[in-house]
Amino acid sequence: MEKINIAVLGLGGMGGTHVGAAKASPYVDKIYGYEPDQARREARAKELEIIPATLEEILADPSIKMVSIAASNDAHVSLAEASLRAGKAVLCEKPMGDTLEQAEHLIKVKNETNGWLQIGFELHYSKMYQQVKQWIDEGKLGDVVNVQCRYYCCEFHKKNSWRSKNYGSFLIGEKLSHYLDLQRWFFSNTEVPATVYSLSAPKVVEYFNHRDNHQIMTKYSKGGVATLNFIMYFAETHKFDPLVETLKKQSEDGHFLQYHICGTKGGVETDVFRRRIRRYEYADGEENIQVHIKEVIEFDKEEDQIYFHNTHGQNLRVIELVAKGLPPEVPAEDALETMRLCFAAEKSEDAGGEIIKL
């Protein structure tokens, strides 16, 4: 088994997740870590038990075959471009740019360098959504015609964090790109996005430098419709209680993260806070359409991340792909189409609800 050296660029919370996957991978030998501030770089590298290095050292070292970019959003494109031009395989967190032009530029750099690039849309690796896609591919839903997502949460980014300060990015690209990407994935067998119409109500979270709610409707090329209804302050503020199971409490306090995927033959409901997936089947009845629940999948709290936000599993798989010389499983060009949808939704809101053609 060939082992590779990798570097993690950005050693905050998400950087620690990337380091954890690298440590768990049988394909990794040495792990390097970079932060622009030397004192923080050395302190975090010591905490994470990895090797501190400057960006210049990482880019110049031919033994480092792969970099994981977990820095703040504004640094994604510059770090990814420098790494691709240095011949590194790149796994980059989303968004893949603060503007559509930046995202398109990153694809141009990948093509110019014949580089290896995958964007971190880890829900493709999460069992809940993999199961939905499997049922779609097996034809159990018929043609997908309607995809609804309701996502209500508490405000957990906190004041003066880089997310609340914005740094030129926007919440649709930073957070909701995952869920727009899933909608595209569920429709991908038959349709592509055609138009998007999005609205945002006045802000409630005043210290945010971006919008705190979004109602995004996408019309697909053959008539399918998808909506994403997001409010980031509705649910009760979460305070960890070791005596109360987290998702059970949140399922009753206003938190929602649900999909309803409707096809011509059946549907699927995914419910993160109830740890449940249900598949429905439609049948013709004498008096009306008959709907029956045909399958129910439930999972335990120990499987939470594997089922609905499997960053660790994604990163393990990407390391394996790079080590084995295999191509990305989620092409960067596909991620670009999701970002194109995100930027169109933002443009629609900027224009007060204008319909944007894709």
# chains A, B, ... in the order shown; residues from 1 in each chain; ligands from 1
$ residues_around --residues "region 181-195 of chain A" --least-positions-apart "2" --cutoff "8 Å" --atoms "only C-alpha atoms" --output "MDAnalysis selection string"
chainID A and resid 121 123:124 129 132:133 136:137 143:145 147 177:179 197 218:222 224 226 335 338 341 355:358
$ residues_around --residues "Lys175 (chain A)" --least-positions-apart "3" --cutoff "10 Å" --atoms "only C-alpha atoms" --output "number ranges by chain"
A: 94-95, 163, 170-172, 178-180
$ write_last_selection --atoms "N, CA, C and O atoms" --output "PDB file, in the first residue's frame"
ATOM      1  N   LYS A  94     -16.244  24.025   0.498  1.00  0.00           N
ATOM      2  CA  LYS A  94     -17.051  25.008  -0.209  1.00  0.00           C
ATOM      3  C   LYS A  94     -17.165  26.254   0.673  1.00  0.00           C
ATOM      4  O   LYS A  94     -16.876  26.181   1.874  1.00  0.00           O
ATOM      5  N   PRO A  95     -17.483  27.410   0.059  1.00  0.00           N
ATOM      6  CA  PRO A  95     -17.745  27.614  -1.352  1.00  0.00           C
ATOM      7  C   PRO A  95     -16.455  27.676  -2.152  1.00  0.00           C
ATOM      8  O   PRO A  95     -15.382  27.931  -1.598  1.00  0.00           O
ATOM      9  N   ARG A 163     -17.848  33.755  10.352  1.00  0.00           N
ATOM     10  CA  ARG A 163     -19.076  33.552   9.592  1.00  0.00           C
ATOM     11  C   ARG A 163     -20.037  34.727   9.769  1.00  0.00           C
ATOM     12  O   ARG A 163     -20.681  35.162   8.824  1.00  0.00           O
ATOM     13  N   PHE A 170     -21.257  34.704   1.469  1.00  0.00           N
ATOM     14  CA  PHE A 170     -22.679  34.813   1.718  1.00  0.00           C
ATOM     15  C   PHE A 170     -23.185  33.462   2.193  1.00  0.00           C
ATOM     16  O   PHE A 170     -22.596  32.419   1.914  1.00  0.00           O
ATOM     17  N   LEU A 171     -24.289  33.492   2.942  1.00  0.00           N
ATOM     18  CA  LEU A 171     -24.755  32.299   3.633  1.00  0.00           C
ATOM     19  C   LEU A 171     -25.203  31.209   2.670  1.00  0.00           C
ATOM     20  O   LEU A 171     -25.063  30.027   2.963  1.00  0.00           O
ATOM     21  N   ILE A 172     -25.729  31.578   1.505  1.00  0.00           N
ATOM     22  CA  ILE A 172     -26.164  30.550   0.559  1.00  0.00           C
ATOM     23  C   ILE A 172     -24.970  29.721   0.114  1.00  0.00           C
ATOM     24  O   ILE A 172     -25.017  28.491   0.080  1.00  0.00           O
ATOM     25  N   HIS A 178     -24.850  23.114   0.343  1.00  0.00           N
ATOM     26  CA  HIS A 178     -25.015  21.672   0.556  1.00  0.00           C
ATOM     27  C   HIS A 178     -26.402  21.201   0.123  1.00  0.00           C
ATOM     28  O   HIS A 178     -26.553  20.156  -0.525  1.00  0.00           O
ATOM     29  N   TYR A 179     -27.412  21.977   0.484  1.00  0.00           N
ATOM     30  CA  TYR A 179     -28.792  21.523   0.319  1.00  0.00           C
ATOM     31  C   TYR A 179     -29.316  21.821  -1.087  1.00  0.00           C
ATOM     32  O   TYR A 179     -30.159  21.080  -1.602  1.00  0.00           O
ATOM     33  N   LEU A 180     -28.812  22.875  -1.709  1.00  0.00           N
ATOM     34  CA  LEU A 180     -29.088  23.086  -3.127  1.00  0.00           C
ATOM     35  C   LEU A 180     -28.369  22.034  -3.968  1.00  0.00           C
ATOM     36  O   LEU A 180     -28.894  21.570  -4.984  1.00  0.00           O
TER      37      LEU A 180
END
$ closest_atom_pairs --of "region 74-178 of chain A" --to "region 227-233 of chain A" --cutoff "7 Å" --atoms "only C-alpha atoms" --output "JSON lines"
{"residue": "A:Val147", "atom": "CA", "partner": "A:Thr227", "partner_atom": "CA", "distance": 6.5}
{"residue": "A:Gln148", "atom": "CA", "partner": "A:Thr227", "partner_atom": "CA", "distance": 5.0}
{"residue": "A:Cys149", "atom": "CA", "partner": "A:Leu228", "partner_atom": "CA", "distance": 4.8}
{"residue": "A:Arg150", "atom": "CA", "partner": "A:Asn229", "partner_atom": "CA", "distance": 5.0}
{"residue": "A:Tyr151", "atom": "CA", "partner": "A:Phe230", "partner_atom": "CA", "distance": 4.8}
{"residue": "A:Tyr152", "atom": "CA", "partner": "A:Ile231", "partner_atom": "CA", "distance": 4.9}
{"residue": "A:Cys153", "atom": "CA", "partner": "A:Met232", "partner_atom": "CA", "distance": 4.9}
{"residue": "A:Cys154", "atom": "CA", "partner": "A:Tyr233", "partner_atom": "CA", "distance": 4.5}
{"residue": "A:Glu155", "atom": "CA", "partner": "A:Tyr233", "partner_atom": "CA", "distance": 5.0}
$ atom_distance --atom1 "CA of Arg279 (chain A)" --atom2 "CA of Lys294 (chain A)"
5.7 Å
$ closest_residue --among "A:Ser161, A:Asn209, A:Thr246, A:Gln290" --to "Lys265 (chain A)" --atoms "only C-alpha atoms"
A:Gln290
$ select_by_dssp --residues "region 82-300 of chain A" --states "strand (DSSP E or B)" --output "PyMOL selection string"
chain A and resi 89-92+117-119+144-152+193-199+213-220+225-231+256-263+266-271+276-284+289-298
$ residues_around --residues "Leu59 (chain A)" --least-positions-apart "4" --cutoff "12 Å" --atoms "only C-alpha atoms" --output "list in words"
Ile6, Ala7, Val8, Leu9, Tyr32, Gly33, Tyr34, Ala53, Thr54, Leu55, Ser63, Ile64, Lys65, Met66, Val67, Leu79, Ala80, Glu81, Ala82, Ser83, Leu84, Arg85, Ala86, Gly87, Lys88, Ala89 and Val90 of chain A
$ closest_residue --among "A:Val196, A:Gly142, A:Glu320, A:Gly313" --to "Gly267 (chain A)" --atoms "only C-alpha atoms"
A:Gly142
$ closest_residue --among "A:Lys248, A:His238, A:His18, A:His312" --to "Ala71 (chain A)" --atoms "only C-alpha atoms"
A:His18
